[in-house]
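Visitor: Questions regarding the structure given below will be posed in turn.
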Amino acid sequence: MEKRSIEYQNISALRAPSLRSPNQVMRLERMGSFHPMRLSFSRQLTRRMQREDWQIDFPCFALDNSGFGHAVIRAKTPHHSYSLVAFCHHIDDDMRSDRVIAEAWDATFTLFDGEPSLQQIRMMEQTVPVQEAGRQMSEQLSLSRANKSVRLFNHVVDALADGRQPDAEMINRVGYVMRTTAVYGNGKFGIADRSRISGRDGMMEPFQAEMLSVYLIRTFSLKWIEHMAKAKGGDKAVALDRSLARHMGVGNSTGLGMAPFLVNHPTLLNNWIQTREQAIAIIKAKADISADVIDQIKALAYRGAAYISEWRVDDDIQMQRIIQLTAEWQDVIAWLNQPSHWQQSHPISAACTWAEDTLSLETEEMLHSILMEPFGADLDQLCSDMAAVEMPVAANTCSVGDMIALIRRHYDWALAINLNNQNQSEVFWYTSAAKLEPRLGKRYEEDGAEREMPFDIPCQIQSAKTDLEAVDSEMSIPRFMMAFPQHRFILNRVLIMKDAPYGEIRDNLVAETTRPIDMLRCKLSFFGASKFDPKSDLWTRICLFQGAPLIDEMTDHIADDWLFSALS
Amino acid sequence: MPLVSQNELGGLTEKAWRGLAVDTPVAWGLAKDCNVMVQWLASRGYPFEKDLLDTLSQVRAQPQIAYDNPFDSEVLIAPLHGLIMLDSLMADSSRWKGHIYGINFIIAAMGLLKDATNNARQNDGQGIALCQDNDVLAMWSGSEIQISQSACCDGVYELQSVTDDTGDASDEGAANHANNGITSPSLCSLADSKNDAVIVSQTLWQQLLDYAQNSYVPENEMSRHRGAGAGNIDND
């Protein structure tokens, strides 16, 4: 903690005052345009792995020639060991589903805190493969499962078994041989609460256990395909080319389950977004930029062009955005290559202003990611601000009058919504009794709205304000809540906004026009996901750690230089 | 007996309160308060099961009491209203007397508010005393909480805000609030929190699961097909 406070003091000298406003940033359309960046959690992990020289090996690899069995992948840090325990299973093709309601998977995993004994592995062999249906141990830090990307998995195995490399274009298009369909943490199904590790070096920052799990799944998947190739091809089989291996990440099918997180953790969301905005403000405040950094930015822009050219999806809306991004990115490159632009004062601020005035959100936010990249010395220390200890907010110093003022300041967007329009309450968020899968329902067509999650923020705000305005403005808020307990939830959120202004999505999440995919993409950008591939408004495929260094590549040169990785 | 994580326990408790009565569900904010309070108690090894089971039964039998104002009814369901009540007393520097159900949750409320006010740097020696017949059974003052070794059970209690005018958070300062006219013979400090998993009784766990089930929407073909993404078969 002492180290963090010293870092905070250094940061305050750098912090620039002019962050973009929450009204501008916390709109779903913009949040759904975020890209991975150096502050992303997966980047934080690989930087730490490189800095601390983590050692990763396979103390156990007990898969048969059909690829079934179990393995242990160990990561040793200076302070702890963590072990990913993997179990591989046979499943019929008609059992393979990415949905929460699936009950069988090609592989199941758990991240164990330390090195499991044989007895513990035997216990986990009973519980991990059944995932939610099993009671897990408190030494387990994450619980996850993955399915093969069947086409690519089989293609890669067949090619390597035949003594040749797989098709690079296919690898690039898919990006992974395995995709996870859930990575649970923080106490789910009996695994460890986050508090077990939240004070630990390397685990303080958000989602580091989950990121480590996924990185080790990627490591396992590469070894798995080579094992299968060897079993099939014998001496004829070859190893996967390193550049191709590096371009394999881990896919993920992300559905609605990730969306409620952003609503349920406003302080955490604020810390993520505010840190990102601080980073942008810090680089904009730089009066001049060195020639080296300018060259880095230009090189990244060219890499970005290659990345965009490889980014192809079936979803019409996203493909239109990519087409526009492709065209506008040429303008970005032209702008960055114009010497006079870099000779002016505060050139990065000028670039951001130009982008905001000229470009689409998709392009503008990708440019932000590029511009942040060379400034690790200034920005990486901000990562320690991204965690949050979420606790109840005391309201005893707040009066009804104060609360009304807070609502006007932070929820003017909610007050402006006409709730008489049925379109503004078209959908409802709920938990299905089927494996507790989060779902979205149509309020006026389906049953269940009486059990909805409290995501109708504008409705709650307007209702609370009506009741607040009907009582004495000097009344204390706790006393008001005693009289109106139905407003406790929303008023707590308003109080949180005082110190966490980026904690609320400033759009109506129950409106007909809501696209949950925007919420998913925002969170996934903080994970560091790339190749965003929406399949509908409700779910998407993405890729994590594509381009990330392999376990024996954690050198200065490669370990932290994989933003917008492209194969071409 | 199930071994559960603290997050599981809190989350399921919250859902149980919500699922208690679909037509008059416990308000989200109160259910969330109970989530954090039960985790606070569980992490410190304080008893909570009986309080939780009893108050769940009470509210199930009379859902309206989750909405009744304890300042009017003189009845406090501590797992639901404990946090707001203490916050309210601090706001108004006042006191309340009445019947408290789920008394251990008052301790949790003290602990959580202490952390909240310290975090916000709002606390200047303020706090709350839980008293019975002028005996202090628990005292929160400034950054300290102390509780009596005497067993606390549901009954008539008094809650009052305390202000240590000197800002003295020492044992002596906490024990001698002459301006409040109360005595506190034997108080000891709060237990430290632990990150361990929690053992709960099968009775409680099953009861929470049963009540929580009512907070989920039953599945039908329409919801199965269009309520979420991804296909039922993904072989690409």
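Following the order of the structure tokens, first chain is A, next is B, and so on, with residues numbered from 1 inside each chain and ligands from 1 in the order they appear.
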Which residues, written as a PyMOL selection string, have at least one atom at most 8 Å from segment 84-89 of chain B, with only C-alpha atoms counted and residues fewer than 3 positions away on the same chain left out?

Guide: (chain A and resi 394-396+476-479+481-482) or (chain B and resi 81+92-96+109-110+113+128+159-161)

Visitor: Please list as an MDAnalysis selection string every residue within 9 Å of Leu268 of chain A, counting only C-alpha atoms and excluding residues in the same chain fewer than 2 positions away.

Guide: chainID A and resid 206 262 265:266 270:273 386:390 500 503

Visitor: Using only N, CA and C atoms, please write the residues we just selected to a file, as an mmCIF file, in the first residue's frame.

Guide:
data_model
loop_
_atom_site.group_PDB
_atom_site.id
_atom_site.type_symbol
_atom_site.label_atom_id
_atom_site.label_comp_id
_atom_site.auth_asym_id
_atom_site.auth_seq_id
_atom_site.Cartn_x
_atom_site.Cartn_y
_atom_site.Cartn_z
ATOM 1 N N PRO A 206 -7.356 -5.234 -11.656
ATOM 2 C CA PRO A 206 -8.548 -6.028 -11.963
ATOM 3 C C PRO A 206 -8.295 -7.227 -12.877
ATOM 4 N N LEU A 262 -21.238 -4.217 -15.628
ATOM 5 C CA LEU A 262 -20.984 -2.781 -15.747
ATOM 6 C C LEU A 262 -21.985 -1.965 -14.937
ATOM 7 N N HIS A 265 -21.334 -2.668 -10.809
ATOM 8 C CA HIS A 265 -20.074 -2.223 -10.191
ATOM 9 C C HIS A 265 -19.720 -0.803 -10.650
ATOM 10 N N PRO A 266 -20.491 0.179 -10.245
ATOM 11 C CA PRO A 266 -20.263 1.543 -10.734
ATOM 12 C C PRO A 266 -18.918 2.129 -10.322
ATOM 13 N N ASN A 270 -16.186 3.235 -13.035
ATOM 14 C CA ASN A 270 -15.639 4.589 -13.005
ATOM 15 C C ASN A 270 -14.113 4.567 -13.016
ATOM 16 N N ASN A 271 -13.532 3.725 -12.213
ATOM 17 C CA ASN A 271 -12.076 3.708 -12.122
ATOM 18 C C ASN A 271 -11.437 3.298 -13.438
ATOM 19 N N TRP A 272 -12.067 2.385 -14.148
ATOM 20 C CA TRP A 272 -11.530 1.983 -15.453
ATOM 21 C C TRP A 272 -11.592 3.162 -16.430
ATOM 22 N N ILE A 273 -12.785 3.704 -16.557
ATOM 23 C CA ILE A 273 -13.017 4.747 -17.557
ATOM 24 C C ILE A 273 -12.229 6.011 -17.193
ATOM 25 N N MET A 386 -7.040 1.389 -11.212
ATOM 26 C CA MET A 386 -8.188 0.778 -11.890
ATOM 27 C C MET A 386 -8.945 -0.205 -11.005
ATOM 28 N N ALA A 387 -8.367 -0.596 -9.889
ATOM 29 C CA ALA A 387 -9.086 -1.472 -8.968
ATOM 30 C C ALA A 387 -10.030 -0.627 -8.121
ATOM 31 N N ALA A 388 -10.889 -1.293 -7.377
ATOM 32 C CA ALA A 388 -11.812 -0.570 -6.498
ATOM 33 C C ALA A 388 -12.193 -1.456 -5.324
ATOM 34 N N VAL A 389 -12.296 -0.845 -4.173
ATOM 35 C CA VAL A 389 -12.903 -1.516 -3.020
ATOM 36 C C VAL A 389 -14.307 -0.947 -2.916
ATOM 37 N N GLU A 390 -15.264 -1.770 -3.229
ATOM 38 C CA GLU A 390 -16.638 -1.262 -3.277
ATOM 39 C C GLU A 390 -17.307 -1.462 -1.921
ATOM 40 N N ALA A 500 -17.490 9.274 -8.287
ATOM 41 C CA ALA A 500 -17.257 8.336 -9.399
ATOM 42 C C ALA A 500 -18.140 8.719 -10.576
ATOM 43 N N GLY A 503 -19.263 6.361 -13.459
ATOM 44 C CA GLY A 503 -19.754 5.060 -13.021
ATOM 45 C C GLY A 503 -21.107 4.655 -13.584
#

Visitor: Looking only at the backbone, which of the residues in segment 112-359 of chain A does DSSP tag as helix (DSSP H, G or I), as a VMD selection string?

Guide: chain A and resid 118 to 133 150 to 161 168 to 174 188 to 190 194 to 196 208 to 236 242 to 246 256 to 264 266 to 284 291 to 310 316 to 336 339 to 343 347 to 358

Visitor: Mind checking DSSP for segment 356-466 of chain A and telling me the strand (DSSP E or B) residues as a ChimeraX atom specification?

Guide: /A:399,427-432,438-442

Visitor: Now that the selection is made, can you save its residues with all heavy atoms as an mmCIF file, in the first residue's frame?

Guide:
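What ended up in selection_31.cif:
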data_model
loop_
_atom_site.group_PDB
_atom_site.id
_atom_site.type_symbol
_atom_site.label_atom_id
_atom_site.label_comp_id
_atom_site.auth_asym_id
_atom_site.auth_seq_id
_atom_site.Cartn_x
_atom_site.Cartn_y
_atom_site.Cartn_z
ATOM 1 N N SER A 399 -28.559 15.932 2.294
ATOM 2 C CA SER A 399 -29.968 16.258 2.509
ATOM 3 C C SER A 399 -30.753 15.989 1.232
ATOM 4 O O SER A 399 -30.182 15.736 0.172
ATOM 5 C CB SER A 399 -30.110 17.726 2.894
ATOM 6 O OG SER A 399 -29.796 18.543 1.758
ATOM 7 N N VAL A 427 -37.589 -3.270 -23.177
ATOM 8 C CA VAL A 427 -36.934 -4.517 -22.774
ATOM 9 C C VAL A 427 -36.740 -4.574 -21.259
ATOM 10 O O VAL A 427 -36.844 -3.560 -20.570
ATOM 11 C CB VAL A 427 -35.568 -4.696 -23.472
ATOM 12 C CG1 VAL A 427 -35.745 -4.664 -24.979
ATOM 13 C CG2 VAL A 427 -34.550 -3.673 -23.018
ATOM 14 N N PHE A 428 -36.486 -5.762 -20.779
ATOM 15 C CA PHE A 428 -36.124 -5.935 -19.375
ATOM 16 C C PHE A 428 -35.037 -6.996 -19.266
ATOM 17 O O PHE A 428 -34.998 -7.943 -20.052
ATOM 18 C CB PHE A 428 -37.343 -6.292 -18.512
ATOM 19 C CG PHE A 428 -37.966 -7.640 -18.788
ATOM 20 C CD1 PHE A 428 -37.685 -8.746 -17.984
ATOM 21 C CD2 PHE A 428 -38.881 -7.791 -19.832
ATOM 22 C CE1 PHE A 428 -38.285 -9.982 -18.237
ATOM 23 C CE2 PHE A 428 -39.480 -9.024 -20.083
ATOM 24 C CZ PHE A 428 -39.178 -10.130 -19.284
ATOM 25 N N TRP A 429 -34.147 -6.791 -18.319
ATOM 26 C CA TRP A 429 -33.028 -7.700 -18.061
ATOM 27 C C TRP A 429 -33.432 -8.631 -16.925
ATOM 28 O O TRP A 429 -33.974 -8.184 -15.914
ATOM 29 C CB TRP A 429 -31.792 -6.907 -17.636
ATOM 30 C CG TRP A 429 -31.271 -5.940 -18.663
ATOM 31 C CD1 TRP A 429 -31.826 -4.741 -19.019
ATOM 32 C CD2 TRP A 429 -30.078 -6.071 -19.421
ATOM 33 N NE1 TRP A 429 -31.064 -4.114 -19.966
ATOM 34 C CE2 TRP A 429 -29.968 -4.910 -20.235
ATOM 35 C CE3 TRP A 429 -29.065 -7.039 -19.491
ATOM 36 C CZ2 TRP A 429 -28.909 -4.706 -21.104
ATOM 37 C CZ3 TRP A 429 -28.011 -6.829 -20.356
ATOM 38 C CH2 TRP A 429 -27.945 -5.670 -21.152
ATOM 39 N N TYR A 430 -33.128 -9.923 -17.087
ATOM 40 C CA TYR A 430 -33.497 -10.854 -16.029
ATOM 41 C C TYR A 430 -32.551 -12.038 -15.998
ATOM 42 O O TYR A 430 -31.755 -12.244 -16.915
ATOM 43 C CB TYR A 430 -34.938 -11.334 -16.222
ATOM 44 C CG TYR A 430 -35.179 -12.171 -17.466
ATOM 45 C CD1 TYR A 430 -35.159 -13.566 -17.401
ATOM 46 C CD2 TYR A 430 -35.467 -11.579 -18.696
ATOM 47 C CE1 TYR A 430 -35.389 -14.352 -18.529
ATOM 48 C CE2 TYR A 430 -35.690 -12.348 -19.830
ATOM 49 C CZ TYR A 430 -35.667 -13.734 -19.740
ATOM 50 O OH TYR A 430 -35.895 -14.497 -20.862
ATOM 51 N N THR A 431 -32.661 -12.812 -14.932
ATOM 52 C CA THR A 431 -31.919 -14.057 -14.796
ATOM 53 C C THR A 431 -32.886 -15.194 -15.062
ATOM 54 O O THR A 431 -33.929 -15.296 -14.402
ATOM 55 C CB THR A 431 -31.328 -14.198 -13.386
ATOM 56 O OG1 THR A 431 -30.492 -13.074 -13.110
ATOM 57 C CG2 THR A 431 -30.512 -15.464 -13.274
ATOM 58 N N SER A 432 -32.532 -16.004 -16.023
ATOM 59 C CA SER A 432 -33.389 -17.140 -16.327
ATOM 60 C C SER A 432 -33.164 -18.254 -15.315
ATOM 61 O O SER A 432 -32.057 -18.455 -14.826
ATOM 62 C CB SER A 432 -33.082 -17.652 -17.736
ATOM 63 O OG SER A 432 -33.750 -18.878 -17.968
ATOM 64 N N PRO A 438 -28.225 -15.011 -17.899
ATOM 65 C CA PRO A 438 -28.784 -13.658 -18.050
ATOM 66 C C PRO A 438 -29.430 -13.511 -19.421
ATOM 67 O O PRO A 438 -28.856 -13.924 -20.437
ATOM 68 C CB PRO A 438 -27.550 -12.748 -17.932
ATOM 69 C CG PRO A 438 -26.500 -13.584 -17.305
ATOM 70 C CD PRO A 438 -26.759 -14.992 -17.745
ATOM 71 N N ARG A 439 -30.616 -12.922 -19.454
ATOM 72 C CA ARG A 439 -31.340 -12.782 -20.711
ATOM 73 C C ARG A 439 -32.008 -11.415 -20.781
ATOM 74 O O ARG A 439 -32.148 -10.708 -19.784
ATOM 75 C CB ARG A 439 -32.393 -13.882 -20.854
ATOM 76 C CG ARG A 439 -31.787 -15.262 -21.023
ATOM 77 C CD ARG A 439 -32.825 -16.343 -21.198
ATOM 78 N NE ARG A 439 -32.184 -17.660 -21.273
ATOM 79 C CZ ARG A 439 -32.843 -18.812 -21.324
ATOM 80 N NH1 ARG A 439 -34.161 -18.822 -21.303
ATOM 81 N NH2 ARG A 439 -32.187 -19.947 -21.385
ATOM 82 N N LEU A 440 -32.427 -11.116 -22.007
ATOM 83 C CA LEU A 440 -33.145 -9.874 -22.265
ATOM 84 C C LEU A 440 -34.529 -10.248 -22.762
ATOM 85 O O LEU A 440 -34.665 -11.076 -23.669
ATOM 86 C CB LEU A 440 -32.384 -9.086 -23.341
ATOM 87 C CG LEU A 440 -32.499 -7.575 -23.350
ATOM 88 C CD1 LEU A 440 -31.968 -6.982 -22.066
ATOM 89 C CD2 LEU A 440 -31.726 -7.013 -24.535
ATOM 90 N N GLY A 441 -35.543 -9.650 -22.168
ATOM 91 C CA GLY A 441 -36.904 -9.960 -22.569
ATOM 92 C C GLY A 441 -37.618 -8.753 -23.145
ATOM 93 O O GLY A 441 -37.217 -7.605 -22.918
ATOM 94 N N LYS A 442 -38.663 -9.021 -23.876
ATOM 95 C CA LYS A 442 -39.524 -7.952 -24.402
ATOM 96 C C LYS A 442 -40.670 -7.760 -23.423
ATOM 97 O O LYS A 442 -41.520 -8.630 -23.240
ATOM 98 C CB LYS A 442 -40.086 -8.358 -25.767
ATOM 99 C CG LYS A 442 -39.032 -8.579 -26.833
ATOM 100 C CD LYS A 442 -38.709 -7.296 -27.535
ATOM 101 C CE LYS A 442 -37.869 -7.563 -28.768
ATOM 102 N NZ LYS A 442 -37.506 -6.319 -29.462
#

Visitor: Could you check the closest approach to chain B for each of A:Ile370, A:Val174, A:Ala327, A:Leu39 and tell me which residue wins, using only C-alpha atoms?

Guide: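 Selected residue with least distance to chain B: A:Val174.
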
Visitor: Measuring between only C-alpha atoms, which one of B:Val75, B:Leu130, B:Leu137, B:Val36 shows the shortest distance to chain A?

Guide: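 Once distances to chain A are computed over only C-alpha atoms, the minimum belongs to B:Val36.
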
Visitor: Enter the distance from atom CA of His99 of chain B to atom CA of Pro47 of chain B, in Å, rounded to one decimal.

Guide: 19.1 Å

Visitor: Tell me which of A:Ala279, A:Ile517, A:Ala192, A:Ile121 sits closest to chain B, counting only C-alpha atoms.

Guide: A:Ala192

Visitor: Excluding Val156 of chain A and any residue of its chain fewer than 5 positions from it, enumerate the residues within 9 Å of it, using only C-alpha atoms, and give them as a ChimeraX atom specification.

Guide: /A:151,161,165-167,171,177,225-226,229,240

Visitor: Would you kindly return, as a count of residues only, each protein, DNA or RNA residue with an atom no farther than 8 Å from any atom of segment 448-456 of chain A, considering only C-alpha atoms and excluding same-chain residues fewer than 6 positions away?

Guide: 17

Visitor: What lies within 12 Å of Ala239 of chain A using only C-alpha atoms, ignoring chain neighbours under 4 positions off, as a list in words?

Guide: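 Result of the neighbour search: Val156, Val157, Ala159, Leu160, Ala161, Asp162, Gly163, Arg164, Gln165, Pro166, Leu222, Lys223, Trp224, Ile225, Glu226, His227, Met228, Ala229, Lys230, Gly233, Gly234, Asp235, Ser243, Leu244 and Ala245 of chain A.
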
Visitor: Skipping near chain neighbours, those fewer than 3 positions away, what residues fall within 9 Å of Ala27 of chain B using only C-alpha atoms, listed as a list of chain:residue names?

Guide: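 Counting only the stated atoms, we get A:Pro485, A:Gln486, A:His487, A:Arg488, A:Phe489, B:Trp17, B:Arg18, B:Thr24, B:Leu30, B:Ala31, B:Lys32, B:Ala66, B:Tyr67.
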
Visitor: What would the file look like if the residues just selected were written as a compact mmCIF listing (two decimals), in the first residue's frame with all heavy atoms?

Guide:
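Saved the output as out-v8.txt:
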# COMPACT_ATOMS: atom_id res chain seq x y z
N PRO A 485 -38.09 3.23 1.07
CA PRO A 485 -37.01 2.25 0.86
C PRO A 485 -36.88 1.82 -0.61
O PRO A 485 -35.81 1.35 -1.00
CB PRO A 485 -37.43 1.07 1.74
CG PRO A 485 -38.89 1.25 2.00
CD PRO A 485 -39.13 2.71 1.97
N GLN A 486 -37.93 2.01 -1.40
CA GLN A 486 -37.85 1.61 -2.81
C GLN A 486 -36.84 2.45 -3.57
O GLN A 486 -36.44 2.08 -4.67
CB GLN A 486 -39.24 1.72 -3.48
CG GLN A 486 -39.80 3.12 -3.61
CD GLN A 486 -40.62 3.55 -2.40
OE1 GLN A 486 -40.40 3.09 -1.28
NE2 GLN A 486 -41.58 4.41 -2.63
N HIS A 487 -36.41 3.57 -3.01
CA HIS A 487 -35.43 4.44 -3.69
C HIS A 487 -34.01 4.23 -3.18
O HIS A 487 -33.09 4.91 -3.62
CB HIS A 487 -35.81 5.92 -3.52
CG HIS A 487 -37.14 6.28 -4.12
ND1 HIS A 487 -37.54 5.84 -5.36
CD2 HIS A 487 -38.17 7.02 -3.62
CE1 HIS A 487 -38.75 6.28 -5.61
NE2 HIS A 487 -39.16 7.01 -4.58
N ARG A 488 -33.84 3.32 -2.25
CA ARG A 488 -32.52 3.11 -1.65
C ARG A 488 -31.48 2.79 -2.72
O ARG A 488 -30.37 3.32 -2.71
CB ARG A 488 -32.62 1.95 -0.64
CG ARG A 488 -31.30 1.41 -0.10
CD ARG A 488 -30.73 2.27 0.98
NE ARG A 488 -29.63 1.60 1.69
CZ ARG A 488 -28.70 2.24 2.37
NH1 ARG A 488 -28.72 3.56 2.42
NH2 ARG A 488 -27.75 1.60 3.00
N PHE A 489 -31.84 1.90 -3.64
CA PHE A 489 -30.89 1.45 -4.66
C PHE A 489 -30.42 2.62 -5.52
O PHE A 489 -29.23 2.85 -5.70
CB PHE A 489 -31.55 0.38 -5.53
CG PHE A 489 -30.73 -0.04 -6.72
CD1 PHE A 489 -29.70 -0.96 -6.57
CD2 PHE A 489 -30.97 0.47 -7.99
CE1 PHE A 489 -28.93 -1.36 -7.66
CE2 PHE A 489 -30.21 0.08 -9.08
CZ PHE A 489 -29.20 -0.83 -8.91
N TRP B 17 -33.87 -12.49 -0.68
CA TRP B 17 -34.77 -11.40 -0.26
C TRP B 17 -35.65 -10.96 -1.43
O TRP B 17 -36.83 -10.70 -1.27
CB TRP B 17 -33.97 -10.21 0.25
CG TRP B 17 -33.45 -10.36 1.66
CD1 TRP B 17 -32.15 -10.46 2.03
CD2 TRP B 17 -34.22 -10.40 2.87
NE1 TRP B 17 -32.06 -10.58 3.41
CE2 TRP B 17 -33.31 -10.55 3.94
CE3 TRP B 17 -35.58 -10.35 3.15
CZ2 TRP B 17 -33.72 -10.62 5.26
CZ3 TRP B 17 -35.99 -10.43 4.47
CH2 TRP B 17 -35.06 -10.57 5.52
N ARG B 18 -35.05 -10.90 -2.60
CA ARG B 18 -35.83 -10.47 -3.76
C ARG B 18 -36.88 -11.50 -4.14
O ARG B 18 -37.96 -11.16 -4.61
CB ARG B 18 -34.89 -10.25 -4.96
CG ARG B 18 -34.06 -9.01 -4.89
CD ARG B 18 -34.91 -7.77 -5.02
NE ARG B 18 -35.65 -7.73 -6.28
CZ ARG B 18 -36.58 -6.82 -6.57
NH1 ARG B 18 -36.87 -5.89 -5.69
NH2 ARG B 18 -37.20 -6.83 -7.73
N THR B 24 -44.72 -8.46 -3.77
CA THR B 24 -44.20 -7.32 -2.98
C THR B 24 -42.74 -7.62 -2.63
O THR B 24 -42.41 -7.88 -1.47
CB THR B 24 -45.00 -7.09 -1.68
OG1 THR B 24 -45.10 -8.34 -0.99
CG2 THR B 24 -46.35 -6.51 -1.95
N LEU B 30 -32.43 -2.57 -0.21
CA LEU B 30 -32.40 -3.24 1.09
C LEU B 30 -31.79 -4.63 0.95
O LEU B 30 -31.03 -5.08 1.81
CB LEU B 30 -33.81 -3.36 1.66
CG LEU B 30 -34.59 -2.05 1.87
CD1 LEU B 30 -35.91 -2.32 2.58
CD2 LEU B 30 -33.78 -1.05 2.67
N ALA B 31 -32.15 -5.32 -0.13
CA ALA B 31 -31.58 -6.65 -0.37
C ALA B 31 -30.06 -6.56 -0.52
O ALA B 31 -29.33 -7.41 -0.01
CB ALA B 31 -32.21 -7.28 -1.61
N LYS B 32 -29.60 -5.52 -1.21
CA LYS B 32 -28.14 -5.33 -1.37
C LYS B 32 -27.49 -5.00 -0.04
O LYS B 32 -26.37 -5.42 0.23
CB LYS B 32 -27.87 -4.22 -2.39
CG LYS B 32 -28.04 -4.66 -3.83
CD LYS B 32 -27.55 -3.63 -4.80
CE LYS B 32 -27.72 -4.09 -6.23
NZ LYS B 32 -27.01 -5.35 -6.52
N ALA B 66 -41.18 -5.10 5.42
CA ALA B 66 -39.96 -4.66 4.75
C ALA B 66 -40.08 -3.21 4.29
O ALA B 66 -39.08 -2.57 3.99
CB ALA B 66 -39.65 -5.56 3.56
N TYR B 67 -41.31 -2.71 4.23
CA TYR B 67 -41.55 -1.33 3.78
C TYR B 67 -41.97 -0.41 4.91
O TYR B 67 -42.01 0.81 4.74
CB TYR B 67 -42.60 -1.31 2.67
CG TYR B 67 -42.06 -1.80 1.35
CD1 TYR B 67 -42.03 -3.14 1.02
CD2 TYR B 67 -41.52 -0.90 0.44
CE1 TYR B 67 -41.50 -3.60 -0.17
CE2 TYR B 67 -40.99 -1.33 -0.77
CZ TYR B 67 -40.98 -2.68 -1.07
OH TYR B 67 -40.45 -3.11 -2.26

Visitor: Find, counting only C-alpha atoms, the residue in A:Gly32, A:Cys383, A:Gly187, A:Thr540 that gets nearest to Gly251 of chain A.

Guide: A:Thr540

Visitor: May I ask which of the residues B:Tyr101, B:Ile199, B:Met139, B:Gly111 is the closest one to Gly155 of chain B, counting only C-alpha atoms?

Guide: B:Tyr101

Visitor: Skipping near chain neighbours, those fewer than 6 positions away, what residues fall within 9 Å of Arg312 of chain A using only C-alpha atoms, listed as a PDB file with all heavy atoms, in the first residue's frame?

Guide:
ATOM      1  N   ARG A 173      -7.983 -15.319 -39.826  1.00  0.00           N
ATOM      2  CA  ARG A 173      -9.415 -15.052 -39.846  1.00  0.00           C
ATOM      3  C   ARG A 173     -10.094 -15.524 -38.565  1.00  0.00           C
ATOM      4  O   ARG A 173     -10.948 -14.838 -38.032  1.00  0.00           O
ATOM      5  CB  ARG A 173     -10.050 -15.723 -41.068  1.00  0.00           C
ATOM      6  CG  ARG A 173     -11.518 -15.424 -41.269  1.00  0.00           C
ATOM      7  CD  ARG A 173     -11.980 -15.674 -42.718  1.00  0.00           C
ATOM      8  NE  ARG A 173     -11.260 -16.768 -43.368  1.00  0.00           N
ATOM      9  CZ  ARG A 173     -11.606 -18.048 -43.287  1.00  0.00           C
ATOM     10  NH1 ARG A 173     -12.640 -18.408 -42.564  1.00  0.00           N
ATOM     11  NH2 ARG A 173     -10.905 -18.968 -43.936  1.00  0.00           N
ATOM     12  N   MET A 319     -19.574  -4.432 -39.830  1.00  0.00           N
ATOM     13  CA  MET A 319     -18.793  -4.399 -41.063  1.00  0.00           C
ATOM     14  C   MET A 319     -18.849  -3.010 -41.685  1.00  0.00           C
ATOM     15  O   MET A 319     -17.857  -2.520 -42.229  1.00  0.00           O
ATOM     16  CB  MET A 319     -19.313  -5.460 -42.036  1.00  0.00           C
ATOM     17  CG  MET A 319     -18.286  -5.832 -43.102  1.00  0.00           C
ATOM     18  SD  MET A 319     -16.727  -6.434 -42.417  1.00  0.00           S
ATOM     19  CE  MET A 319     -15.566  -5.450 -43.352  1.00  0.00           C
ATOM     20  N   ILE A 322     -16.378  -1.015 -39.891  1.00  0.00           N
ATOM     21  CA  ILE A 322     -15.001  -1.346 -40.282  1.00  0.00           C
ATOM     22  C   ILE A 322     -14.665  -0.721 -41.630  1.00  0.00           C
ATOM     23  O   ILE A 322     -13.554  -0.228 -41.843  1.00  0.00           O
ATOM     24  CB  ILE A 322     -14.810  -2.874 -40.308  1.00  0.00           C
ATOM     25  CG1 ILE A 322     -14.939  -3.453 -38.903  1.00  0.00           C
ATOM     26  CG2 ILE A 322     -13.459  -3.245 -40.912  1.00  0.00           C
ATOM     27  CD1 ILE A 322     -14.982  -4.963 -38.855  1.00  0.00           C
ATOM     28  N   LYS A 531     -10.286  -8.120 -32.510  1.00  0.00           N
ATOM     29  CA  LYS A 531     -11.098  -8.809 -33.522  1.00  0.00           C
ATOM     30  C   LYS A 531     -12.536  -9.003 -33.036  1.00  0.00           C
ATOM     31  O   LYS A 531     -13.105 -10.079 -33.110  1.00  0.00           O
ATOM     32  CB  LYS A 531     -10.471 -10.167 -33.877  1.00  0.00           C
ATOM     33  CG  LYS A 531      -9.090 -10.062 -34.504  1.00  0.00           C
ATOM     34  CD  LYS A 531      -9.144  -9.558 -35.918  1.00  0.00           C
ATOM     35  CE  LYS A 531      -7.759  -9.372 -36.521  1.00  0.00           C
ATOM     36  NZ  LYS A 531      -7.071 -10.620 -36.782  1.00  0.00           N
ATOM     37  N   ASP A 533     -16.138  -9.404 -33.014  1.00  0.00           N
ATOM     38  CA  ASP A 533     -16.897 -10.080 -34.075  1.00  0.00           C
ATOM     39  C   ASP A 533     -18.328 -10.321 -33.594  1.00  0.00           C
ATOM     40  O   ASP A 533     -18.678 -11.441 -33.203  1.00  0.00           O
ATOM     41  CB  ASP A 533     -16.196 -11.404 -34.430  1.00  0.00           C
ATOM     42  CG  ASP A 533     -16.899 -12.168 -35.537  1.00  0.00           C
ATOM     43  OD1 ASP A 533     -17.791 -11.598 -36.198  1.00  0.00           O
ATOM     44  OD2 ASP A 533     -16.548 -13.353 -35.733  1.00  0.00           O
TER      45      ASP A 533
END
